[in-house]
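Chemist: What follows is structure-v1.json, JSON, C-alpha atoms and all ligand atoms.
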[["chain", "number", "residue", "atom", "x", "y", "z"],
["A", 20, "MET", "CA", 13.83, 6.84, 7.38],
["A", 21, "SER", "CA", 15.79, 8.82, 4.85],
["A", 22, "ASN", "CA", 13.73, 11.17, 2.76],
["A", 23, "ASP", "CA", 16.32, 11.94, 0.12],
["A", 24, "ILE", "CA", 15.19, 9.19, -2.23],
["A", 25, "ASP", "CA", 11.84, 9.88, -3.87],
["A", 26, "LYS", "CA", 9.38, 7.04, -3.92],
["A", 27, "LYS", "CA", 7.98, 6.47, -7.40],
["A", 28, "PHE", "CA", 4.39, 5.45, -8.17],
["A", 29, "ALA", "CA", 2.25, 5.51, -11.29],
["A", 30, "VAL", "CA", -0.98, 4.40, -12.86],
["A", 31, "ILE", "CA", -0.48, 2.24, -15.92],
["A", 32, "GLY", "CA", -3.04, 1.96, -18.72],
["A", 33, "HIS", "CA", -3.71, 2.60, -22.40],
["A", 34, "PRO", "CA", -4.90, 5.30, -22.89],
["A", 35, "ILE", "CA", -4.05, 6.89, -19.57],
["A", 36, "ASN", "CA", -3.99, 10.69, -19.81],
["A", 37, "HIS", "CA", -7.58, 11.06, -18.48],
["A", 38, "SER", "CA", -6.72, 9.42, -15.14],
["A", 39, "LYS", "CA", -7.55, 11.27, -11.91],
["A", 40, "SER", "CA", -5.21, 9.06, -9.86],
["A", 41, "PRO", "CA", -2.11, 11.33, -10.09],
["A", 42, "LEU", "CA", -4.09, 14.26, -8.70],
["A", 43, "ILE", "CA", -5.34, 12.23, -5.73],
["A", 44, "HIS", "CA", -2.12, 10.40, -4.88],
["A", 45, "GLN", "CA", 0.22, 13.36, -5.36],
["A", 46, "LYS", "CA", -1.89, 15.41, -2.96],
["A", 47, "TRP", "CA", -1.75, 12.66, -0.35],
["A", 48, "LEU", "CA", 2.02, 12.18, -0.79],
["A", 49, "ASP", "CA", 2.50, 15.93, -0.32],
["A", 50, "ASP", "CA", 0.02, 16.19, 2.59],
["A", 51, "ASN", "CA", 1.85, 13.38, 4.38],
["A", 52, "GLN", "CA", 5.31, 14.77, 3.60],
["A", 53, "ILE", "CA", 6.32, 11.63, 1.77],
["A", 54, "ALA", "CA", 9.00, 12.46, -0.78],
["A", 55, "GLY", "CA", 7.47, 10.87, -3.84],
["A", 56, "LYS", "CA", 6.06, 11.28, -7.29],
["A", 57, "TYR", "CA", 2.95, 9.70, -8.77],
["A", 58, "GLY", "CA", 2.65, 9.82, -12.55],
["A", 59, "THR", "CA", 1.07, 8.08, -15.50],
["A", 60, "VAL", "CA", 2.67, 5.46, -17.72],
["A", 61, "ASP", "CA", 1.01, 4.64, -21.02],
["A", 62, "ILE", "CA", 1.70, 1.00, -21.82],
["A", 63, "HIS", "CA", 0.55, -0.67, -25.01],
["A", 64, "PRO", "CA", -0.77, -4.20, -24.32],
["A", 65, "ASP", "CA", 2.06, -5.72, -26.42],
["A", 66, "ASP", "CA", 4.68, -4.08, -24.19],
["A", 67, "LEU", "CA", 3.33, -4.92, -20.74],
["A", 68, "GLU", "CA", 6.07, -7.25, -19.50],
["A", 69, "LYS", "CA", 8.90, -5.16, -20.98],
["A", 70, "GLU", "CA", 7.52, -1.95, -19.46],
["A", 71, "ILE", "CA", 6.95, -3.54, -16.04],
["A", 72, "ASN", "CA", 10.58, -4.64, -16.06],
["A", 73, "ARG", "CA", 11.52, -1.04, -16.80],
["A", 74, "LEU", "CA", 9.49, 0.18, -13.81],
["A", 75, "ILE", "CA", 11.29, -2.39, -11.64],
["A", 76, "ASP", "CA", 14.68, -1.23, -12.97],
["A", 77, "GLU", "CA", 13.75, 2.40, -12.32],
["A", 78, "GLY", "CA", 12.95, 1.63, -8.68],
["A", 79, "TYR", "CA", 9.19, 2.12, -8.61],
["A", 80, "SER", "CA", 7.54, 1.20, -5.29],
["A", 81, "GLY", "CA", 4.18, 0.33, -6.82],
["A", 82, "PHE", "CA", 1.55, 1.22, -9.36],
["A", 83, "ASN", "CA", -2.17, 1.25, -10.05],
["A", 84, "VAL", "CA", -3.49, -0.67, -13.00],
["A", 85, "THR", "CA", -6.33, 0.36, -15.26],
["A", 86, "LEU", "CA", -7.74, -0.71, -18.62],
["A", 87, "PRO", "CA", -6.69, -2.75, -20.52],
["A", 88, "HIS", "CA", -4.21, -4.36, -18.11],
["A", 89, "LYS", "CA", -6.29, -5.20, -15.02],
["A", 90, "GLU", "CA", -6.58, -8.89, -15.95],
["A", 91, "THR", "CA", -3.34, -9.49, -17.86],
["A", 92, "ILE", "CA", -1.18, -8.04, -15.07],
["A", 93, "LYS", "CA", -2.16, -11.06, -12.93],
["A", 94, "GLU", "CA", 0.15, -13.26, -15.02],
["A", 95, "LEU", "CA", 3.13, -11.15, -13.98],
["A", 96, "CYS", "CA", 2.26, -11.16, -10.26],
["A", 97, "HIS", "CA", 4.05, -13.47, -7.83],
["A", 98, "ALA", "CA", 1.22, -13.20, -5.31],
["A", 99, "ILE", "CA", -2.41, -12.07, -5.60],
["A", 100, "ASP", "CA", -4.70, -11.32, -2.67],
["A", 101, "ASP", "CA", -7.99, -13.19, -2.22],
["A", 102, "THR", "CA", -10.24, -10.27, -3.22],
["A", 103, "ALA", "CA", -8.32, -9.67, -6.47],
["A", 104, "GLN", "CA", -8.41, -13.40, -7.14],
["A", 105, "LYS", "CA", -12.17, -13.49, -6.70],
["A", 106, "ILE", "CA", -12.77, -10.38, -8.83],
["A", 107, "GLY", "CA", -10.34, -11.65, -11.45],
["A", 108, "ALA", "CA", -8.58, -8.30, -11.74],
["A", 109, "VAL", "CA", -5.71, -6.44, -10.09],
["A", 110, "ASN", "CA", -5.76, -2.64, -9.70],
["A", 111, "THR", "CA", -2.88, -2.17, -7.24],
["A", 112, "VAL", "CA", 0.63, -3.62, -7.36],
["A", 113, "VAL", "CA", 3.38, -3.48, -4.76],
["A", 114, "LEU", "CA", 6.92, -3.84, -6.14],
["A", 115, "ASN", "CA", 9.39, -5.39, -3.78],
["A", 116, "ASN", "CA", 12.79, -6.78, -4.79],
["A", 117, "GLY", "CA", 11.61, -7.11, -8.37],
["A", 118, "LYS", "CA", 8.53, -9.11, -7.37],
["A", 119, "LEU", "CA", 4.93, -8.01, -7.98],
["A", 120, "SER", "CA", 2.18, -8.45, -5.38],
["A", 121, "GLY", "CA", -1.31, -7.80, -6.74],
["A", 122, "TYR", "CA", -4.31, -6.41, -4.90],
["A", 123, "ASN", "CA", -7.77, -5.18, -5.83],
["A", 124, "THR", "CA", -9.04, -2.19, -3.87],
["A", 125, "ASP", "CA", -12.16, -1.51, -5.98],
["A", 126, "ALA", "CA", -14.42, -3.66, -3.78],
["A", 127, "PHE", "CA", -13.16, -1.80, -0.71],
["A", 128, "GLY", "CA", -13.71, 1.52, -2.50],
["A", 129, "PHE", "CA", -17.26, 0.63, -3.40],
["A", 130, "ILE", "CA", -18.21, -0.39, 0.15],
["A", 131, "GLU", "CA", -16.25, 2.33, 1.95],
["A", 132, "ASN", "CA", -18.02, 4.98, -0.14],
["A", 133, "ILE", "CA", -21.36, 3.70, 1.15],
["A", 134, "LYS", "CA", -20.12, 3.35, 4.75],
["A", 135, "GLN", "CA", -18.76, 6.88, 4.83],
["A", 136, "ASN", "CA", -21.93, 8.38, 3.37],
["A", 137, "LEU", "CA", -24.57, 6.25, 5.11],
["A", 138, "GLU", "CA", -23.04, 5.56, 8.50],
["A", 139, "ALA", "CA", -26.17, 3.94, 9.93],
["A", 140, "PHE", "CA", -26.53, 1.36, 7.17],
["A", 141, "LYS", "CA", -25.64, -2.24, 8.14],
["A", 142, "PHE", "CA", -24.94, -4.67, 5.30],
["A", 143, "ASP", "CA", -25.53, -7.86, 7.31],
["A", 144, "ASP", "CA", -28.33, -9.99, 5.88],
["A", 145, "LYS", "CA", -29.47, -7.25, 3.53],
["A", 146, "SER", "CA", -30.53, -7.80, -0.07],
["A", 147, "ALA", "CA", -29.41, -5.87, -3.13],
["A", 148, "LEU", "CA", -30.29, -5.40, -6.78],
["A", 149, "VAL", "CA", -27.17, -4.94, -8.91],
["A", 150, "LEU", "CA", -27.56, -3.76, -12.51],
["A", 151, "GLY", "CA", -24.73, -4.55, -14.93],
["A", 152, "ALA", "CA", -22.14, -7.30, -15.30],
["A", 153, "GLY", "CA", -18.89, -5.61, -16.34],
["A", 154, "GLY", "CA", -15.70, -5.07, -14.35],
["A", 155, "ALA", "CA", -17.32, -2.59, -11.97],
["A", 156, "ALA", "CA", -20.08, -5.09, -11.20],
["A", 157, "ARG", "CA", -17.51, -7.73, -10.25],
["A", 158, "ALA", "CA", -15.97, -5.36, -7.69],
["A", 159, "ALA", "CA", -19.38, -4.30, -6.34],
["A", 160, "LEU", "CA", -20.56, -7.91, -6.01],
["A", 161, "GLN", "CA", -17.40, -8.96, -4.18],
["A", 162, "GLY", "CA", -17.60, -5.94, -1.89],
["A", 163, "LEU", "CA", -21.24, -6.60, -1.05],
["A", 164, "VAL", "CA", -20.62, -10.26, -0.25],
["A", 165, "GLU", "CA", -17.56, -9.46, 1.91],
["A", 166, "ALA", "CA", -19.65, -6.80, 3.71],
["A", 167, "GLY", "CA", -22.29, -9.38, 4.65],
["A", 168, "VAL", "CA", -25.13, -8.97, 2.15],
["A", 169, "SER", "CA", -27.05, -12.27, 2.02],
["A", 170, "LYS", "CA", -28.93, -11.94, -1.27],
["A", 171, "ILE", "CA", -28.05, -10.24, -4.56],
["A", 172, "TYR", "CA", -30.34, -10.05, -7.56],
["A", 173, "LEU", "CA", -28.22, -9.45, -10.66],
["A", 174, "ALA", "CA", -29.65, -8.14, -13.93],
["A", 175, "ASN", "CA", -27.74, -7.41, -17.12],
["A", 176, "ARG", "CA", -28.78, -6.75, -20.71],
["A", 177, "THR", "CA", -26.56, -9.64, -21.84],
["A", 178, "ILE", "CA", -27.75, -12.33, -19.46],
["A", 179, "GLU", "CA", -24.82, -14.69, -20.19],
["A", 180, "LYS", "CA", -22.45, -12.19, -18.59],
["A", 181, "ALA", "CA", -24.59, -12.11, -15.43],
["A", 182, "GLN", "CA", -24.70, -15.91, -15.37],
["A", 183, "ASN", "CA", -20.93, -15.95, -15.58],
["A", 184, "LEU", "CA", -20.65, -13.56, -12.60],
["A", 185, "LYS", "CA", -23.04, -15.68, -10.58],
["A", 186, "LYS", "CA", -20.20, -18.23, -10.32],
["A", 187, "MET", "CA", -18.36, -15.80, -8.01],
["A", 188, "HIS", "CA", -20.92, -16.49, -5.25],
["A", 189, "ALA", "CA", -23.53, -18.91, -6.59],
["A", 190, "ASP", "CA", -25.25, -19.24, -3.19],
["A", 191, "ILE", "CA", -25.91, -15.49, -2.88],
["A", 192, "ILE", "CA", -26.34, -14.22, -6.45],
["A", 193, "GLU", "CA", -29.57, -14.83, -8.36],
["A", 194, "VAL", "CA", -29.65, -13.79, -12.01],
["A", 195, "ILE", "CA", -32.89, -12.14, -13.10],
["A", 196, "GLU", "CA", -34.12, -10.79, -16.43],
["A", 197, "TRP", "CA", -33.02, -7.32, -17.56],
["A", 198, "ASP", "CA", -36.50, -6.67, -19.00],
["A", 199, "GLY", "CA", -38.41, -7.34, -15.82],
["A", 200, "PHE", "CA", -36.27, -6.72, -12.75],
["A", 201, "ASP", "CA", -38.93, -4.38, -11.30],
["A", 202, "TYR", "CA", -40.57, -7.12, -9.26],
["A", 203, "VAL", "CA", -37.63, -7.20, -6.81],
["A", 204, "LEU", "CA", -37.76, -3.44, -6.09],
["A", 205, "PRO", "CA", -40.10, -3.84, -3.07],
["A", 206, "LYS", "CA", -37.75, -6.48, -1.57],
["A", 207, "VAL", "CA", -34.26, -4.99, -1.81],
["A", 208, "ASP", "CA", -32.45, -2.73, 0.66],
["A", 209, "LEU", "CA", -30.12, -1.22, -1.91],
["A", 210, "LEU", "CA", -30.05, -0.66, -5.63],
["A", 211, "VAL", "CA", -26.70, -0.41, -7.41],
["A", 212, "ASN", "CA", -26.16, 0.77, -10.99],
["A", 213, "THR", "CA", -22.86, -0.49, -12.41],
["A", 214, "THR", "CA", -23.85, -0.04, -16.06],
["A", 215, "SER", "CA", -22.68, 2.95, -18.07],
["A", 216, "LEU", "CA", -26.29, 4.08, -18.51],
["A", 217, "GLY", "CA", -26.84, 7.61, -17.21],
["A", 218, "MET", "CA", -23.29, 8.70, -18.04],
["A", 219, "ASN", "CA", -22.88, 11.93, -20.01],
["A", 220, "GLY", "CA", -23.48, 11.11, -23.68],
["A", 221, "LYS", "CA", -25.07, 7.71, -22.96],
["A", 222, "ASN", "CA", -28.72, 6.70, -22.73],
["A", 223, "ASP", "CA", -30.48, 6.94, -19.38],
["A", 224, "LEU", "CA", -31.31, 3.87, -17.35],
["A", 225, "LYS", "CA", -35.00, 3.17, -17.83],
["A", 226, "ILE", "CA", -36.35, 2.51, -14.38],
["A", 227, "ASN", "CA", -39.31, 3.59, -12.27],
["A", 228, "LEU", "CA", -38.50, 3.61, -8.57],
["A", 229, "ARG", "CA", -42.14, 3.92, -7.48],
["A", 230, "ASP", "CA", -42.13, 0.39, -6.03],
["A", 231, "LEU", "CA", -38.69, 0.56, -4.41],
["A", 232, "LYS", "CA", -38.85, -0.16, -0.65],
["A", 233, "LYS", "CA", -39.04, 3.19, 1.13],
["A", 234, "SER", "CA", -36.01, 2.48, 3.35],
["A", 235, "ALA", "CA", -33.84, 1.37, 0.42],
["A", 236, "PHE", "CA", -30.95, 3.49, -0.81],
["A", 237, "VAL", "CA", -29.58, 3.91, -4.32],
["A", 238, "THR", "CA", -25.98, 4.19, -5.49],
["A", 239, "ASP", "CA", -24.51, 4.71, -8.94],
["A", 240, "ILE", "CA", -20.94, 4.06, -10.00],
["A", 241, "VAL", "CA", -21.35, 6.65, -12.74],
["A", 242, "TYR", "CA", -20.02, 10.04, -11.55],
["A", 243, "THR", "CA", -20.15, 12.08, -14.76],
["A", 244, "PRO", "CA", -22.60, 13.65, -14.01],
["A", 245, "LEU", "CA", -22.39, 13.32, -10.25],
["A", 246, "MET", "CA", -26.18, 13.39, -9.99],
["A", 247, "THR", "CA", -27.28, 10.85, -12.58],
["A", 248, "PRO", "CA", -30.95, 10.72, -13.61],
["A", 249, "LEU", "CA", -31.22, 7.55, -11.47],
["A", 250, "LEU", "CA", -29.94, 9.34, -8.35],
["A", 251, "THR", "CA", -32.14, 12.37, -9.03],
["A", 252, "GLN", "CA", -35.22, 10.17, -9.28],
["A", 253, "ALA", "CA", -34.24, 8.32, -6.09],
["A", 254, "LYS", "CA", -33.70, 11.57, -4.19],
["A", 255, "ASP", "CA", -37.00, 13.01, -5.44],
["A", 256, "ASN", "CA", -38.72, 9.85, -4.16],
["A", 257, "GLY", "CA", -37.21, 10.33, -0.71],
["A", 258, "HIS", "CA", -34.47, 7.66, -0.84],
["A", 259, "ASP", "CA", -30.96, 8.04, 0.51],
["A", 260, "ILE", "CA", -28.41, 8.19, -2.28],
["A", 261, "VAL", "CA", -24.66, 7.69, -2.60],
["A", 262, "THR", "CA", -22.89, 9.23, -5.61],
["A", 263, "GLY", "CA", -20.16, 7.38, -7.51],
["A", 264, "ILE", "CA", -17.14, 9.65, -7.01],
["A", 265, "GLY", "CA", -16.32, 8.12, -3.61],
["A", 266, "MET", "CA", -15.61, 4.69, -5.09],
["A", 267, "LEU", "CA", -12.74, 6.21, -7.07],
["A", 268, "ILE", "CA", -11.41, 8.07, -4.04],
["A", 269, "TYR", "CA", -11.67, 5.22, -1.54],
["A", 270, "GLN", "CA", -10.09, 2.64, -3.84],
["A", 271, "ALA", "CA", -7.19, 5.10, -4.07],
["A", 272, "GLN", "CA", -7.15, 5.49, -0.29],
["A", 273, "LYS", "CA", -6.69, 1.74, 0.14],
["A", 274, "SER", "CA", -3.93, 1.62, -2.49],
["A", 275, "PHE", "CA", -2.13, 4.46, -0.71],
["A", 276, "GLU", "CA", -2.42, 2.61, 2.60],
["A", 277, "ILE", "CA", -1.04, -0.59, 1.06],
["A", 278, "TRP", "CA", 2.00, 1.27, -0.30],
["A", 279, "ASN", "CA", 2.69, 3.75, 2.49],
["A", 280, "GLY", "CA", 1.11, 2.32, 5.65],
["A", 281, "ILE", "CA", -0.87, 5.54, 6.15],
["A", 282, "ILE", "CA", -4.62, 6.04, 5.70],
["A", 283, "PRO", "CA", -4.79, 9.38, 3.87],
["A", 284, "THR", "CA", -7.52, 11.92, 4.58],
["A", 285, "VAL", "CA", -10.54, 12.24, 2.33],
["A", 286, "ASN", "CA", -12.20, 15.65, 2.55],
["A", 287, "GLN", "CA", -14.47, 17.83, 0.47],
["A", 288, "GLU", "CA", -11.52, 19.79, -0.92],
["A", 289, "LEU", "CA", -10.13, 16.59, -2.44],
["A", 290, "VAL", "CA", -13.53, 15.55, -3.81],
["A", 291, "ASP", "CA", -13.99, 19.00, -5.38],
["A", 292, "ARG", "CA", -10.54, 18.85, -6.97],
["A", 293, "VAL", "CA", -11.26, 15.44, -8.48],
["A", 294, "LEU", "CA", -14.62, 16.60, -9.81],
["B", 1, "LIG", "P1", -17.10, -1.72, -16.73],
["B", 1, "LIG", "O1", -16.00, -2.73, -16.84],
["B", 1, "LIG", "O2", -16.63, -0.32, -16.44],
["B", 1, "LIG", "O3", -18.18, -2.14, -15.79],
["B", 1, "LIG", "P2", -18.26, -2.66, -19.21],
["B", 1, "LIG", "O4", -17.62, -3.97, -19.07],
["B", 1, "LIG", "O5", -18.24, -2.01, -20.55],
["B", 1, "LIG", "O6", -17.70, -1.57, -18.21],
["B", 1, "LIG", "O7", -19.77, -2.82, -18.71],
["B", 1, "LIG", "C1", -20.72, -1.91, -19.01],
["B", 1, "LIG", "C2", -22.06, -2.39, -18.46],
["B", 1, "LIG", "O8", -23.06, -1.51, -18.90],
["B", 1, "LIG", "C3", -22.45, -3.79, -18.95],
["B", 1, "LIG", "O9", -23.20, -4.43, -17.94],
["B", 1, "LIG", "C4", -23.34, -3.44, -20.14],
["B", 1, "LIG", "O10", -24.27, -4.43, -20.48],
["B", 1, "LIG", "P3", -23.84, -5.61, -21.52],
["B", 1, "LIG", "O11", -23.06, -6.58, -20.72],
["B", 1, "LIG", "O12", -25.13, -6.16, -21.99],
["B", 1, "LIG", "O13", -23.02, -4.96, -22.60],
["B", 1, "LIG", "C5", -24.05, -2.24, -19.61],
["B", 1, "LIG", "N1", -24.61, -1.42, -20.69],
["B", 1, "LIG", "C6", -23.96, -0.58, -21.50],
["B", 1, "LIG", "N2", -24.81, 0.00, -22.37],
["B", 1, "LIG", "C7", -26.04, -0.50, -22.11],
["B", 1, "LIG", "C8", -27.36, -0.30, -22.66],
["B", 1, "LIG", "N3", -27.56, 0.55, -23.67],
["B", 1, "LIG", "N4", -28.39, -0.99, -22.13],
["B", 1, "LIG", "C9", -28.19, -1.86, -21.10],
["B", 1, "LIG", "N5", -26.97, -2.08, -20.53],
["B", 1, "LIG", "C10", -25.92, -1.42, -21.03]]
Can you present the structure in this file as structure tokens?
Ligand code: ATR
Modeler:
Amino acid sequence: MSNDIDKKFAVIGHPINHSKSPLIHQKWLDDNQIAGKYGTVDIHPDDLEKEINRLIDEGYSGFNVTLPHKETIKELCHAIDDTAQKIGAVNTVVLNNGKLSGYNTDAFGFIENIKQNLEAFKFDDKSALVLGAGGAARAALQGLVEAGVSKIYLANRTIEKAQNLKKMHADIIEVIEWDGFDYVLPKVDLLVNTTSLGMNGKNDLKINLRDLKKSAFVTDIVYTPLMTPLLTQAKDNGHDIVTGIGMLIYQAQKSFEIWNGIIPTVNQELVDRVL
């Protein structure tokens, strides 16, 4: 294949300058000697269709999608994969002959992060407690179900949002009260925080892990700080933990694979650079 034409990729969002995606993808393009550039494109919601047409005209091969376009981009896609359909959001687009194909790699990223860090853990027939019902929860729920988890307790401060997410997999998800989820701690094999609680500048998640099953592990999608108060408490109590940074990196890995047909390497150097 000729290497004289650079492939063009980007992450689109509004705002977008905080994104870590260019750092990750540019390193992988360079490491794999793919002549290409990965940048950021700030697109105001009113300009989405016009700007996507510009990316098509400029010969982009694909792009990642972040807030606030993850749902609205679906309307411009000619095809959407099953996972993205189920989650209701697209984070990866392939551009081919002016047509958009939409994917969602967040569920993969969430599960792959756990698999890579806890190799012995098997998801089949396990039960989980998921806290939160935003976009990250949708991806985590879909990932857990696809991985084989048979029971998910879902708690969210605004219970209506949890009830809405239950529709994704009504046979597996059971909505429980936010003020009183502790009773499931002895039963679940994993605890997942998808709320923003514990993030720098936000309140901490109020939880006492005393009753959590000893073999259960804890993961947090928050990665600023990397060791959230929840993860610190879990570690101090002897539980395995999985930090949140890997979800970002592995969703990117899957996007890269979709675009370039290569599974790029994740190593500590990359993680350190992202952090
Ligand atoms: P994302 O799409 O990244 O998941 P989000 O949609 O803003 O972000 O969701 C944030 C999650 O954190 C929600 O589950 C939110 O609960 P509500 O649905 O009740 O808003 C949860 N969250 C944020 N602040 C919270 C707080 N102080 N107490 C409890 N939950 C909180």
Chemist: If you count only C-alpha atoms, which residues fall within 8 Å of segment 27-30 of chain A, apart from same-chain ones fewer than 2 positions away, as an MDAnalysis selection string?
Modeler: chainID A and resid 25 32 35 38 40:41 55:60 78:85
Chemist: Save the residues we just selected, C-alpha atoms, as a PDB file, in the coordinates of the input?
Modeler:
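In the end it all went to selection26.pdb:
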ATOM      1  CA  ASP A  25      11.840   9.880  -3.870  1.00  0.00           C
ATOM      2  CA  GLY A  32      -3.040   1.960 -18.720  1.00  0.00           C
ATOM      3  CA  ILE A  35      -4.050   6.890 -19.570  1.00  0.00           C
ATOM      4  CA  SER A  38      -6.720   9.420 -15.140  1.00  0.00           C
ATOM      5  CA  SER A  40      -5.210   9.060  -9.860  1.00  0.00           C
ATOM      6  CA  PRO A  41      -2.110  11.330 -10.090  1.00  0.00           C
ATOM      7  CA  GLY A  55       7.470  10.870  -3.840  1.00  0.00           C
ATOM      8  CA  LYS A  56       6.060  11.280  -7.290  1.00  0.00           C
ATOM      9  CA  TYR A  57       2.950   9.700  -8.770  1.00  0.00           C
ATOM     10  CA  GLY A  58       2.650   9.820 -12.550  1.00  0.00           C
ATOM     11  CA  THR A  59       1.070   8.080 -15.500  1.00  0.00           C
ATOM     12  CA  VAL A  60       2.670   5.460 -17.720  1.00  0.00           C
ATOM     13  CA  GLY A  78      12.950   1.630  -8.680  1.00  0.00           C
ATOM     14  CA  TYR A  79       9.190   2.120  -8.610  1.00  0.00           C
ATOM     15  CA  SER A  80       7.540   1.200  -5.290  1.00  0.00           C
ATOM     16  CA  GLY A  81       4.180   0.330  -6.820  1.00  0.00           C
ATOM     17  CA  PHE A  82       1.550   1.220  -9.360  1.00  0.00           C
ATOM     18  CA  ASN A  83      -2.170   1.250 -10.050  1.00  0.00           C
ATOM     19  CA  VAL A  84      -3.490  -0.670 -13.000  1.00  0.00           C
ATOM     20  CA  THR A  85      -6.330   0.360 -15.260  1.00  0.00           C
TER      21      THR A  85
END
Chemist: Have a look at A:Asn222, A:Gln252, A:Gln52, A:Gln182 and name the one nearest to ligand LIG 1 (chain B); count all atoms listed in the file.
Modeler: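 Under the stated criterion, the closest residue is A:Asn222.
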Chemist: Could you please extract the residues within 8 Å of ligand LIG 1 (chain B), counting only C-alpha atoms and all ligand atoms, and hand them back as a list in words?
Modeler: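 Using only C-alpha atoms and all ligand atoms, I find these residues within 8 Å of ligand LIG 1 (chain B): Leu150, Gly151, Ala152, Gly153, Gly154, Ala155, Ala156, Arg157, Asn175, Arg176, Thr177, Ile178, Lys180, Ala181, Thr213, Thr214, Ser215, Leu216, Lys221, Asn222 and Leu224 of chain A.
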Chemist: Calculated over all atoms listed in the file, which of the candidates A:Asp76, A:Glu288, A:Asp125, A:Asp208 has the smallest distance to Ile240 of chain A?
Modeler: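 For Ile240 of chain A, the nearest of the candidates is A:Asp125.
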Chemist: Pick from A:Leu148, A:Ile195, A:Ala139, A:Ile75: nearest to Asn115 of chain A, with all atoms listed in the file counted?
Modeler: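 The closest residue to Asn115 of chain A is A:Ile75.
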Chemist: So the first atom is atom CA of Asn116 of chain A and the second is atom CA of Ile43 of chain A; what is the distance between them in Å, to one decimal place?
Modeler: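 Separation between atom CA of Asn116 of chain A and atom CA of Ile43 of chain A: 26.3 Å.
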Chemist: Just to confirm, what's the straight-line distance from atom CA of Met246 of chain A to atom CA of Ile130 of chain A in Å (one decimal)?
Modeler: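 That distance, rounded to one decimal, is 18.9 Å.
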Chemist: Please identify all polymer residues within 10 Å of Ala253 of chain A, counting only C-alpha atoms, omitting same-chain residues fewer than 2 positions from it, and present them as an MDAnalysis selection string.
Modeler: chainID A and resid 210 227:229 231 235:238 247:251 255:260
